[in-house]
file upload-v7.cif (mmCIF, C-alpha atoms)
data_work
loop_
_atom_site.group_PDB
_atom_site.id
_atom_site.type_symbol
_atom_site.label_atom_id
_atom_site.label_comp_id
_atom_site.auth_asym_id
_atom_site.auth_seq_id
_atom_site.Cartn_x
_atom_site.Cartn_y
_atom_site.Cartn_z
ATOM 1 C CA MET S 1 0.000 0.000 0.000
ATOM 2 C CA ALA S 2 2.909 2.354 0.708
ATOM 3 C CA ARG S 3 4.132 2.097 -2.886
ATOM 4 C CA TYR S 4 0.630 2.633 -4.216
ATOM 5 C CA LEU S 5 0.138 5.670 -1.981
ATOM 6 C CA ALA S 6 3.491 7.160 -3.011
ATOM 7 C CA ARG S 7 2.700 6.614 -6.700
ATOM 8 C CA ARG S 8 -0.714 8.252 -6.368
ATOM 9 C CA LEU S 9 0.766 11.227 -4.537
ATOM 10 C CA LEU S 10 3.353 11.684 -7.277
ATOM 11 C CA LEU S 11 0.621 11.563 -9.924
ATOM 12 C CA THR S 12 -1.241 14.388 -8.189
ATOM 13 C CA ILE S 13 1.666 16.781 -8.761
ATOM 14 C CA PRO S 14 1.082 17.293 -12.529
ATOM 15 C CA VAL S 15 -2.680 17.479 -11.903
ATOM 16 C CA LEU S 16 -2.300 20.271 -9.362
ATOM 17 C CA LEU S 17 0.308 21.993 -11.522
ATOM 18 C CA GLY S 18 -2.123 21.960 -14.442
ATOM 19 C CA VAL S 19 -4.912 23.342 -12.264
ATOM 20 C CA ALA S 20 -2.679 26.097 -10.901
ATOM 21 C CA THR S 21 -1.517 27.044 -14.410
ATOM 22 C CA LEU S 22 -5.023 27.078 -15.846
ATOM 23 C CA VAL S 23 -6.420 29.142 -12.975
ATOM 24 C CA PHE S 24 -3.553 31.626 -13.202
ATOM 25 C CA ALA S 25 -4.061 32.055 -16.937
ATOM 26 C CA LEU S 26 -7.848 32.379 -16.802
ATOM 27 C CA ILE S 27 -7.980 34.808 -13.885
ATOM 28 C CA HIS S 28 -5.552 37.164 -15.651
ATOM 29 C CA LEU S 29 -7.695 37.042 -18.796
ATOM 30 C CA VAL S 30 -10.775 38.268 -16.919
ATOM 31 C CA PRO S 31 -11.444 41.932 -17.813
ATOM 32 C CA GLY S 32 -10.832 44.452 -15.052
ATOM 33 C CA ASP S 33 -7.933 45.896 -13.095
ATOM 34 C CA PRO S 34 -7.642 44.907 -9.407
ATOM 35 C CA ALA S 35 -5.925 48.205 -8.589
ATOM 36 C CA GLN S 36 -8.691 50.212 -10.249
ATOM 37 C CA THR S 37 -11.316 48.115 -8.449
ATOM 38 C CA MET S 38 -9.706 48.695 -5.066
ATOM 39 C CA LEU S 39 -9.235 52.450 -5.521
ATOM 40 C CA GLY S 40 -12.510 53.189 -7.294
ATOM 41 C CA GLU S 41 -13.301 54.995 -10.512
ATOM 42 C CA SER S 42 -12.260 58.371 -9.095
ATOM 43 C CA ALA S 43 -8.617 57.342 -8.583
ATOM 44 C CA SER S 44 -5.992 59.052 -10.698
ATOM 45 C CA PRO S 45 -3.780 57.089 -13.126
ATOM 46 C CA ASP S 46 -0.743 57.753 -10.923
ATOM 47 C CA GLU S 47 -2.476 56.260 -7.871
ATOM 48 C CA VAL S 48 -3.510 53.218 -9.880
ATOM 49 C CA ALA S 49 0.033 52.804 -11.227
ATOM 50 C CA ARG S 50 1.549 53.023 -7.719
ATOM 51 C CA LEU S 51 -0.860 50.421 -6.379
ATOM 52 C CA ARG S 52 -0.154 48.110 -9.312
ATOM 53 C CA THR S 53 3.544 48.358 -8.491
ATOM 54 C CA THR S 54 2.865 47.633 -4.819
ATOM 55 C CA LEU S 55 0.791 44.568 -5.718
ATOM 56 C CA GLY S 56 3.342 43.363 -8.250
ATOM 57 C CA LEU S 57 0.906 43.625 -11.154
ATOM 58 C CA ASP S 58 3.329 45.676 -13.223
ATOM 59 C CA LYS S 59 5.613 42.658 -13.680
ATOM 60 C CA PRO S 60 5.369 40.455 -16.788
ATOM 61 C CA LEU S 61 2.891 37.602 -16.516
ATOM 62 C CA LEU S 62 5.668 35.031 -16.769
ATOM 63 C CA ALA S 63 7.455 36.586 -13.794
ATOM 64 C CA GLN S 64 4.201 36.643 -11.819
ATOM 65 C CA TYR S 65 3.600 32.998 -12.728
ATOM 66 C CA ARG S 66 7.069 31.947 -11.604
ATOM 67 C CA GLY S 67 6.585 33.801 -8.339
ATOM 68 C CA PHE S 68 3.218 32.123 -7.811
ATOM 69 C CA LEU S 69 4.621 28.615 -8.385
ATOM 70 C CA ALA S 70 7.610 29.322 -6.136
ATOM 71 C CA GLY S 71 5.267 30.439 -3.377
ATOM 72 C CA VAL S 72 3.040 27.360 -3.767
ATOM 73 C CA ALA S 73 6.088 25.100 -3.539
ATOM 74 C CA HIS S 74 6.887 26.678 -0.162
ATOM 75 C CA GLY S 75 3.278 26.635 1.052
ATOM 76 C CA ASP S 76 2.830 30.376 0.458
ATOM 77 C CA LEU S 77 -0.207 31.266 -1.638
ATOM 78 C CA GLY S 78 0.506 34.972 -1.516
ATOM 79 C CA THR S 79 -1.230 37.919 0.091
ATOM 80 C CA SER S 80 -4.828 38.891 -0.562
ATOM 81 C CA PHE S 81 -5.146 42.174 -2.446
ATOM 82 C CA ARG S 82 -8.343 43.128 -0.638
ATOM 83 C CA TYR S 83 -7.647 42.021 2.924
ATOM 84 C CA GLY S 84 -3.873 42.455 3.012
ATOM 85 C CA THR S 85 -3.495 39.156 4.878
ATOM 86 C CA PRO S 86 -2.001 35.803 3.793
ATOM 87 C CA VAL S 87 -4.303 33.794 1.543
ATOM 88 C CA THR S 88 -3.699 30.674 3.623
ATOM 89 C CA ARG S 89 -5.039 32.467 6.699
ATOM 90 C CA GLU S 90 -8.198 33.601 4.912
ATOM 91 C CA ILE S 91 -8.876 30.087 3.605
ATOM 92 C CA ARG S 92 -8.078 28.466 6.953
ATOM 93 C CA GLN S 93 -10.641 30.667 8.665
ATOM 94 C CA ARG S 94 -13.367 29.596 6.217
ATOM 95 C CA VAL S 95 -12.580 25.873 5.973
ATOM 96 C CA PRO S 96 -14.425 24.820 9.200
ATOM 97 C CA ASP S 97 -17.713 26.349 8.005
ATOM 98 C CA THR S 98 -17.435 24.695 4.598
ATOM 99 C CA ALA S 99 -16.476 21.372 6.195
ATOM 100 C CA VAL S 100 -19.486 21.463 8.537
ATOM 101 C CA LEU S 101 -21.816 22.249 5.635
ATOM 102 C CA ALA S 102 -20.339 19.499 3.457
ATOM 103 C CA VAL S 103 -20.537 16.854 6.210
ATOM 104 C CA CYS S 104 -24.146 17.747 7.046
ATOM 105 C CA ALA S 105 -25.144 17.673 3.370
ATOM 106 C CA MET S 106 -23.531 14.256 2.898
ATOM 107 C CA ALA S 107 -25.137 12.967 6.096
ATOM 108 C CA ILE S 108 -28.566 14.021 4.819
ATOM 109 C CA ALA S 109 -27.849 12.400 1.456
ATOM 110 C CA VAL S 110 -26.679 9.094 2.939
ATOM 111 C CA LEU S 111 -29.455 8.835 5.543
ATOM 112 C CA PHE S 112 -32.160 9.342 2.932
ATOM 113 C CA ALA S 113 -30.624 7.822 -0.189
ATOM 114 C CA ILE S 114 -29.412 4.424 1.001
ATOM 115 C CA PRO S 115 -32.737 3.332 2.595
ATOM 116 C CA LEU S 116 -34.542 4.676 -0.479
ATOM 117 C CA GLY S 117 -32.274 2.702 -2.814
ATOM 118 C CA ILE S 118 -32.617 -0.483 -0.755
ATOM 119 C CA ILE S 119 -36.410 -0.226 -0.741
ATOM 120 C CA ALA S 120 -36.472 0.380 -4.500
ATOM 121 C CA ALA S 121 -34.272 -2.671 -5.111
ATOM 122 C CA MET S 122 -36.306 -4.900 -2.774
ATOM 123 C CA TYR S 123 -39.574 -4.020 -4.496
ATOM 124 C CA ARG S 124 -38.305 -3.750 -8.057
ATOM 125 C CA GLY S 125 -41.045 -2.901 -10.520
ATOM 126 C CA ARG S 126 -43.619 -2.230 -7.831
ATOM 127 C CA PHE S 127 -45.143 0.982 -6.568
ATOM 128 C CA ALA S 128 -42.419 1.542 -3.930
ATOM 129 C CA ASP S 129 -39.730 1.261 -6.614
ATOM 130 C CA HIS S 130 -41.467 3.694 -8.973
ATOM 131 C CA ALA S 131 -42.173 6.153 -6.149
ATOM 132 C CA ALA S 132 -38.577 6.065 -4.879
ATOM 133 C CA MET S 133 -37.075 6.573 -8.333
ATOM 134 C CA THR S 134 -39.553 9.368 -9.093
ATOM 135 C CA VAL S 135 -38.390 11.164 -5.955
ATOM 136 C CA ALA S 136 -34.765 10.573 -6.976
ATOM 137 C CA LEU S 137 -35.391 11.886 -10.498
ATOM 138 C CA ALA S 138 -37.051 14.986 -9.070
ATOM 139 C CA GLY S 139 -34.048 15.564 -6.811
ATOM 140 C CA ILE S 140 -31.597 15.305 -9.707
ATOM 141 C CA SER S 141 -33.713 17.675 -11.810
ATOM 142 C CA MET S 142 -33.676 20.504 -9.246
ATOM 143 C CA PRO S 143 -30.457 22.560 -9.386
ATOM 144 C CA ASN S 144 -29.330 24.063 -6.096
ATOM 145 C CA PHE S 145 -29.450 27.627 -7.447
ATOM 146 C CA TRP S 146 -33.223 27.089 -7.878
ATOM 147 C CA LEU S 147 -33.928 24.843 -4.900
ATOM 148 C CA GLY S 148 -32.083 27.097 -2.427
ATOM 149 C CA PRO S 149 -34.179 30.242 -3.003
ATOM 150 C CA LEU S 150 -37.340 28.115 -3.132
ATOM 151 C CA LEU S 151 -36.624 26.605 0.300
ATOM 152 C CA ALA S 152 -35.731 30.040 1.669
ATOM 153 C CA ILE S 153 -39.005 31.544 0.421
ATOM 154 C CA LEU S 154 -41.068 28.671 1.805
ATOM 155 C CA PHE S 155 -39.471 27.967 5.198
ATOM 156 C CA ALA S 156 -37.933 31.351 6.019
ATOM 157 C CA VAL S 157 -40.181 33.979 4.429
ATOM 158 C CA TYR S 158 -43.652 32.386 4.426
ATOM 159 C CA LEU S 159 -43.502 30.000 7.382
ATOM 160 C CA GLY S 160 -40.787 31.788 9.374
ATOM 161 C CA TRP S 161 -39.444 28.513 10.780
ATOM 162 C CA LEU S 162 -35.803 28.998 9.801
ATOM 163 C CA PRO S 163 -33.421 31.935 9.253
ATOM 164 C CA VAL S 164 -33.060 32.918 5.635
ATOM 165 C CA ALA S 165 -29.287 33.449 5.670
ATOM 166 C CA GLY S 166 -26.201 33.760 7.838
ATOM 167 C CA SER S 167 -24.561 31.400 10.325
ATOM 168 C CA GLY S 168 -24.070 30.902 14.038
ATOM 169 C CA THR S 169 -26.744 28.376 15.024
ATOM 170 C CA ALA S 170 -27.875 24.927 13.944
ATOM 171 C CA ALA S 171 -30.998 26.475 12.424
ATOM 172 C CA HIS S 172 -28.843 28.432 9.954
ATOM 173 C CA LEU S 173 -27.358 25.140 8.758
ATOM 174 C CA VAL S 174 -30.620 23.427 7.820
ATOM 175 C CA LEU S 175 -31.519 25.128 4.539
ATOM 176 C CA PRO S 176 -28.054 25.092 2.910
ATOM 177 C CA SER S 177 -27.486 21.480 4.005
ATOM 178 C CA VAL S 178 -30.793 20.330 2.533
ATOM 179 C CA THR S 179 -30.142 22.305 -0.655
ATOM 180 C CA LEU S 180 -26.835 20.511 -1.182
ATOM 181 C CA GLY S 181 -27.979 17.140 0.103
ATOM 182 C CA VAL S 182 -31.059 16.707 -2.104
ATOM 183 C CA ALA S 183 -29.189 16.335 -5.397
ATOM 184 C CA LEU S 184 -26.552 14.114 -3.784
ATOM 185 C CA ALA S 185 -29.248 11.900 -2.265
ATOM 186 C CA ALA S 186 -30.950 11.497 -5.637
ATOM 187 C CA ILE S 187 -27.774 10.303 -7.371
ATOM 188 C CA LEU S 188 -26.809 8.043 -4.470
ATOM 189 C CA ALA S 189 -30.273 6.443 -4.290
ATOM 190 C CA ARG S 190 -30.178 5.464 -7.946
ATOM 191 C CA MET S 191 -26.667 4.032 -7.596
ATOM 192 C CA THR S 192 -27.656 2.083 -4.464
ATOM 193 C CA ARG S 193 -30.610 0.563 -6.294
ATOM 194 C CA ALA S 194 -28.586 -0.373 -9.381
ATOM 195 C CA SER S 195 -25.704 -1.840 -7.392
ATOM 196 C CA LEU S 196 -27.965 -3.827 -5.078
ATOM 197 C CA LEU S 197 -29.991 -5.251 -7.965
ATOM 198 C CA GLU S 198 -26.788 -6.669 -9.448
ATOM 199 C CA GLU S 199 -26.005 -8.472 -6.203
ATOM 200 C CA LEU S 200 -29.536 -9.775 -5.702
ATOM 201 C CA ARG S 201 -29.121 -11.855 -8.881
ATOM 202 C CA GLU S 202 -26.175 -13.757 -7.388
ATOM 203 C CA LEU S 203 -26.534 -17.318 -6.105
ATOM 204 C CA TYR S 204 -25.129 -16.562 -2.641
ATOM 205 C CA VAL S 205 -28.269 -14.545 -1.844
ATOM 206 C CA LEU S 206 -30.429 -17.554 -2.728
ATOM 207 C CA ALA S 207 -28.137 -19.743 -0.622
ATOM 208 C CA ALA S 208 -28.518 -17.379 2.331
ATOM 209 C CA ARG S 209 -32.290 -17.610 2.019
ATOM 210 C CA ALA S 210 -32.034 -21.398 1.850
ATOM 211 C CA ARG S 211 -30.132 -21.405 5.155
ATOM 212 C CA GLY S 212 -33.143 -19.802 6.805
ATOM 213 C CA LEU S 213 -32.277 -16.101 6.701
ATOM 214 C CA SER S 214 -35.162 -13.727 6.101
ATOM 215 C CA ARG S 215 -35.171 -11.729 2.881
ATOM 216 C CA ILE S 216 -34.320 -8.469 4.654
ATOM 217 C CA ARG S 217 -31.435 -10.039 6.614
ATOM 218 C CA ALA S 218 -30.074 -11.717 3.496
ATOM 219 C CA ILE S 219 -30.129 -8.413 1.650
ATOM 220 C CA LEU S 220 -28.620 -6.308 4.423
ATOM 221 C CA ARG S 221 -26.050 -8.829 5.682
ATOM 222 C CA HIS S 222 -24.832 -10.194 2.349
ATOM 223 C CA ALA S 223 -26.054 -8.380 -0.773
ATOM 224 C CA PHE S 224 -25.765 -4.837 0.531
ATOM 225 C CA ARG S 225 -22.251 -5.365 1.912
ATOM 226 C CA ASN S 226 -21.063 -6.669 -1.453
ATOM 227 C CA SER S 227 -22.652 -3.717 -3.282
ATOM 228 C CA LEU S 228 -20.825 -1.091 -1.217
ATOM 229 C CA ILE S 229 -17.868 -0.432 -3.536
ATOM 230 C CA PRO S 230 -19.792 1.487 -6.242
ATOM 231 C CA ILE S 231 -21.811 3.209 -3.504
ATOM 232 C CA VAL S 232 -18.645 4.304 -1.695
ATOM 233 C CA THR S 233 -17.243 5.500 -5.030
ATOM 234 C CA ILE S 234 -20.228 7.778 -5.536
ATOM 235 C CA ILE S 235 -20.066 9.019 -1.939
ATOM 236 C CA GLY S 236 -16.373 9.858 -2.268
ATOM 237 C CA LEU S 237 -16.750 11.624 -5.603
ATOM 238 C CA GLN S 238 -19.842 13.498 -4.503
ATOM 239 C CA PHE S 239 -18.204 14.595 -1.267
ATOM 240 C CA GLY S 240 -15.484 16.201 -3.349
ATOM 241 C CA ALA S 241 -18.120 17.727 -5.614
ATOM 242 C CA VAL S 242 -19.897 19.209 -2.589
ATOM 243 C CA LEU S 243 -17.094 21.758 -2.345
ATOM 244 C CA THR S 244 -17.887 23.073 -5.815
ATOM 245 C CA GLY S 245 -21.602 23.023 -5.029
ATOM 246 C CA THR S 246 -21.041 25.148 -1.954
ATOM 247 C CA ILE S 247 -19.947 28.057 -4.145
ATOM 248 C CA ILE S 248 -23.546 28.721 -5.179
ATOM 249 C CA THR S 249 -25.225 27.528 -1.988
ATOM 250 C CA GLU S 250 -22.984 29.554 0.325
ATOM 251 C CA THR S 251 -23.643 32.641 -1.772
ATOM 252 C CA ILE S 252 -27.415 32.128 -1.655
ATOM 253 C CA PHE S 253 -27.510 31.666 2.114
ATOM 254 C CA ALA S 254 -24.596 34.008 2.987
ATOM 255 C CA TRP S 255 -22.744 31.090 4.569
ATOM 256 C CA PRO S 256 -19.177 32.177 5.459
ATOM 257 C CA GLY S 257 -17.304 29.343 3.760
ATOM 258 C CA VAL S 258 -14.658 28.921 1.093
ATOM 259 C CA GLY S 259 -17.238 29.006 -1.720
ATOM 260 C CA ARG S 260 -18.528 32.436 -0.769
ATOM 261 C CA LEU S 261 -14.953 33.633 -0.241
ATOM 262 C CA LEU S 262 -14.154 32.553 -3.810
ATOM 263 C CA ILE S 263 -17.086 34.501 -5.260
ATOM 264 C CA GLN S 264 -16.069 37.603 -3.308
ATOM 265 C CA ALA S 265 -12.481 37.226 -4.511
ATOM 266 C CA ILE S 266 -13.621 36.978 -8.142
ATOM 267 C CA ASN S 267 -15.778 40.092 -7.804
ATOM 268 C CA ASN S 268 -12.835 41.993 -6.285
ATOM 269 C CA ARG S 269 -10.315 40.697 -8.863
ATOM 270 C CA ASP S 270 -8.298 39.350 -5.933
ATOM 271 C CA TYR S 271 -5.975 37.138 -7.981
ATOM 272 C CA PRO S 272 -4.044 35.448 -5.132
ATOM 273 C CA LEU S 273 -7.223 34.643 -3.207
ATOM 274 C CA VAL S 274 -8.985 33.211 -6.274
ATOM 275 C CA GLN S 275 -5.979 31.040 -7.076
ATOM 276 C CA GLY S 276 -5.705 29.892 -3.466
ATOM 277 C CA CYS S 277 -9.386 28.974 -3.149
ATOM 278 C CA ILE S 278 -9.471 26.980 -6.386
ATOM 279 C CA LEU S 279 -6.208 25.254 -5.538
ATOM 280 C CA PHE S 280 -7.631 24.292 -2.132
ATOM 281 C CA ILE S 281 -10.783 22.875 -3.769
ATOM 282 C CA SER S 282 -8.650 20.909 -6.244
ATOM 283 C CA VAL S 283 -6.424 19.454 -3.514
ATOM 284 C CA THR S 284 -9.486 18.435 -1.498
ATOM 285 C CA TYR S 285 -11.091 16.763 -4.509
ATOM 286 C CA VAL S 286 -7.918 14.805 -5.307
ATOM 287 C CA ALA S 287 -7.554 13.806 -1.644
ATOM 288 C CA MET S 288 -11.134 12.515 -1.528
ATOM 289 C CA ASN S 289 -10.492 10.390 -4.633
ATOM 290 C CA LEU S 290 -7.404 8.906 -2.996
ATOM 291 C CA ILE S 291 -9.236 8.176 0.270
ATOM 292 C CA THR S 292 -12.034 6.518 -1.713
ATOM 293 C CA ASP S 293 -9.564 4.243 -3.519
ATOM 294 C CA LEU S 294 -7.904 3.256 -0.240
ATOM 295 C CA THR S 295 -11.300 2.430 1.262
ATOM 296 C CA TYR S 296 -11.818 -0.307 -1.345
ATOM 297 C CA GLY S 297 -9.204 -2.476 0.356
ATOM 298 C CA PHE S 298 -11.110 -2.387 3.638
ATOM 299 C CA LEU S 299 -14.441 -3.210 1.982
ATOM 300 C CA ASP S 300 -13.083 -6.051 -0.148
ATOM 301 C CA PRO S 301 -9.948 -7.894 1.116
ATOM 302 C CA ARG S 302 -9.430 -9.326 -2.378
ATOM 303 C CA ILE S 303 -8.370 -5.907 -3.645
ATOM 304 C CA ARG S 304 -4.628 -5.369 -3.582
ATOM 305 C CA PHE S 305 -2.942 -2.015 -4.127
ATOM 306 C CA GLU S 306 0.488 -3.276 -5.194
#

call {"tool": "encode", "arguments": {"input": "upload-v7.cif", "output": "structure tokens"}}
result
Amino acid sequence: MARYLARRLLLTIPVLLGVATLVFALIHLVPGDPAQTMLGESASPDEVARLRTTLGLDKPLLAQYRGFLAGVAHGDLGTSFRYGTPVTREIRQRVPDTAVLAVCAMAIAVLFAIPLGIIAAMYRGRFADHAAMTVALAGISMPNFWLGPLLAILFAVYLGWLPVAGSGTAAHLVLPSVTLGVALAAILARMTRASLLEELRELYVLAARARGLSRIRAILRHAFRNSLIPIVTIIGLQFGAVLTGTIITETIFAWPGVGRLLIQAINNRDYPLVQGCILFISVTYVAMNLITDLTYGFLDPRIRFE
């Protein structure tokens, strides 16, 4: 496993280098001058030029790129143009809020999706199956930028049960978590059903029934355990995708996470902060893929990493 882990870590280097290069190139192609944005339209050309020099924006792009890569290699993502503080500090302050939101969204998805998928597989072709898959299809069809405002209007504005935006209490976490978790639950439910149906066709399930196990125990103890690898794959990939989904959801509900920080950085043309946020999201996504692959060995002892 050590060799496999080392090889995977080495393979992430060109991936992250490509992400960093692409982000650097795209953010500098976006129209707008960070110095002009910071000083306002009334600033004189001399003031803008002095600030550009202070921020290092007067250097050639190649020199800025080399400086950015050198900083990343030493764990320094630069200094935020807007806040004047290290980018790593700004991201570190927002990571706990994003992590809490992502974990709650995944918990909602798993708690609803797996029982729904199991029920659909157990009663294939019957009313329960059609109802479960209809709910899953509806969840997939509702994007979070539409579902989020709809939930806010219903539960915060009309009913007044939950706060519409912000953070600080568990009540503030409900709407953004549900907004993110619904789409994840829909995808996971369909995968659970498909994976479990494949296992239910195997002879060992029939043998378990012949030994006297009830249908539910045979499914949960044998079939479901053997169907976990594709389910865990979806969970791992979707958990990484939650970070990209939080960009919209955090903005809708004013949740102080990395996603909202990224949107603010883009609006302010804060190049170092944009690059740092996207690089953090990329590293997290790659790490979740690696953790998912390593989990396979614990679920199925036949899998070897060497």

call {"tool": "closest_residue", "arguments": {"input": "upload-v7.cif", "among": "S:Thr284, S:Ser227, S:Thr179, S:Thr88", "to": "S:Phe239", "atoms": "all atoms listed in the file"}}
result
S:Thr284

call {"tool": "atom_distance", "arguments": {"input": "upload-v7.cif", "atom1": "atom CA of S:Thr79", "atom2": "atom CA of S:Pro272"}}
result
6.4 Å

call {"tool": "axis_aligned_box", "arguments": {"input": "upload-v7.cif", "around": "stretch 188-195 of chain S", "padding_each_side": "6 Å", "output": "lines of an AutoDock Vina configuration file"}}
result
center_x = -28.2
center_y = 3.1
center_z = -6.8
size_x = 16.9
size_y = 21.9
size_z = 17.1

call {"tool": "resolve_selection", "arguments": {"input": "upload-v7.cif", "expression": "the PyMOL selection byres ((chain S and resi 56) around 12)", "output": "list in words"}}
result
Pro34, Ala35, Ala49, Arg50, Leu51, Arg52, Thr53, Thr54, Leu55, Leu57, Asp58, Lys59, Pro60, Leu61, Ala63, Gln64, Tyr65, Gly67, Phe68, Gly78, Thr79, Phe81, Tyr271 and Pro272 of chain S

call {"tool": "write_last_selection", "arguments": {"input": "upload-v7.cif", "atoms": "C-alpha atoms", "output": "mmCIF file, in the frame of the given file"}}
result
data_model
loop_
_atom_site.group_PDB
_atom_site.id
_atom_site.type_symbol
_atom_site.label_atom_id
_atom_site.label_comp_id
_atom_site.auth_asym_id
_atom_site.auth_seq_id
_atom_site.Cartn_x
_atom_site.Cartn_y
_atom_site.Cartn_z
ATOM 1 C CA PRO S 34 -7.642 44.907 -9.407
ATOM 2 C CA ALA S 35 -5.925 48.205 -8.589
ATOM 3 C CA ALA S 49 0.033 52.804 -11.227
ATOM 4 C CA ARG S 50 1.549 53.023 -7.719
ATOM 5 C CA LEU S 51 -0.860 50.421 -6.379
ATOM 6 C CA ARG S 52 -0.154 48.110 -9.312
ATOM 7 C CA THR S 53 3.544 48.358 -8.491
ATOM 8 C CA THR S 54 2.865 47.633 -4.819
ATOM 9 C CA LEU S 55 0.791 44.568 -5.718
ATOM 10 C CA LEU S 57 0.906 43.625 -11.154
ATOM 11 C CA ASP S 58 3.329 45.676 -13.223
ATOM 12 C CA LYS S 59 5.613 42.658 -13.680
ATOM 13 C CA PRO S 60 5.369 40.455 -16.788
ATOM 14 C CA LEU S 61 2.891 37.602 -16.516
ATOM 15 C CA ALA S 63 7.455 36.586 -13.794
ATOM 16 C CA GLN S 64 4.201 36.643 -11.819
ATOM 17 C CA TYR S 65 3.600 32.998 -12.728
ATOM 18 C CA GLY S 67 6.585 33.801 -8.339
ATOM 19 C CA PHE S 68 3.218 32.123 -7.811
ATOM 20 C CA GLY S 78 0.506 34.972 -1.516
ATOM 21 C CA THR S 79 -1.230 37.919 0.091
ATOM 22 C CA PHE S 81 -5.146 42.174 -2.446
ATOM 23 C CA TYR S 271 -5.975 37.138 -7.981
ATOM 24 C CA PRO S 272 -4.044 35.448 -5.132
#

call {"tool": "closest_residue", "arguments": {"input": "upload-v7.cif", "among": "S:Leu290, S:Leu200, S:Val110, S:Ala194", "to": "S:His222", "atoms": "all atoms listed in the file"}}
result
S:Leu200

call {"tool": "residues_near_point", "arguments": {"input": "upload-v7.cif", "point": "(-25.5, 28.9, 7.0)", "cutoff": "8 Å", "atoms": "all atoms listed in the file", "output": "list in words"}}
result
Leu101, Ala165, Gly166, Ser167, Gly168, His172, Leu173, Val174, Leu175, Pro176, Glu250, Phe253, Ala254, Trp255 and Pro256 of chain S

call {"tool": "closest_residue", "arguments": {"input": "upload-v7.cif", "among": "S:Ile278, S:Asp46, S:Leu188, S:Val135", "to": "S:Leu26", "atoms": "all atoms listed in the file"}}
result
S:Ile278

call {"tool": "resolve_selection", "arguments": {"input": "upload-v7.cif", "expression": "the PyMOL selection byres ((chain S and resi 277) around 10)", "output": "ChimeraX atom specification"}}
result
/S:77,87-88,90-91,258-259,261-263,265,272-276,278-283

call {"tool": "closest_residue", "arguments": {"input": "upload-v7.cif", "among": "S:Leu154, S:Ile216, S:Leu69, S:Ala43", "to": "S:Gly18", "atoms": "all atoms listed in the file"}}
result
S:Leu69

call {"tool": "closest_residue", "arguments": {"input": "upload-v7.cif", "among": "S:Leu213, S:Ala156, S:Ala109, S:Ala2", "to": "S:Ala136", "atoms": "only C-alpha atoms"}}
result
S:Ala109

call {"tool": "resolve_selection", "arguments": {"input": "upload-v7.cif", "expression": "the PyMOL selection byres ((chain S and resi 111-126) around 7)", "output": "NGL selection string"}}
result
:S and (107-110 or 127-130 or 132 or 185-186 or 188-190 or 192-193 or 196-197)

call {"tool": "residues_near_point", "arguments": {"input": "upload-v7.cif", "point": "(-39.5, 28.2, 9.7)", "cutoff": "12 Å", "atoms": "only C-alpha atoms", "output": "list in words"}}
result
Leu151, Ala152, Ile153, Leu154, Phe155, Ala156, Val157, Tyr158, Leu159, Gly160, Trp161, Leu162, Pro163, Val164, Ala171, His172, Val174 and Leu175 of chain S

call {"tool": "residues_around", "arguments": {"input": "upload-v7.cif", "residues": "S:Met142", "least_positions_apart": "3", "cutoff": "12 Å", "atoms": "only C-alpha atoms", "output": "list in words"}}
result
Val135, Ala136, Leu137, Ala138, Gly139, Phe145, Trp146, Leu147, Gly148, Pro149, Leu150, Leu151, Thr179, Leu180, Gly181, Val182, Ala183, Leu184, Ala185, Ala186 and Ile187 of chain S

call {"tool": "atom_distance", "arguments": {"input": "upload-v7.cif", "atom1": "atom CA of S:Asn226", "atom2": "atom CA of S:Arg7"}}
result
27.7 Å

call {"tool": "closest_residue", "arguments": {"input": "upload-v7.cif", "among": "S:Leu62, S:Val95, S:Phe224, S:Thr169", "to": "S:Val205", "atoms": "only C-alpha atoms"}}
result
S:Phe224
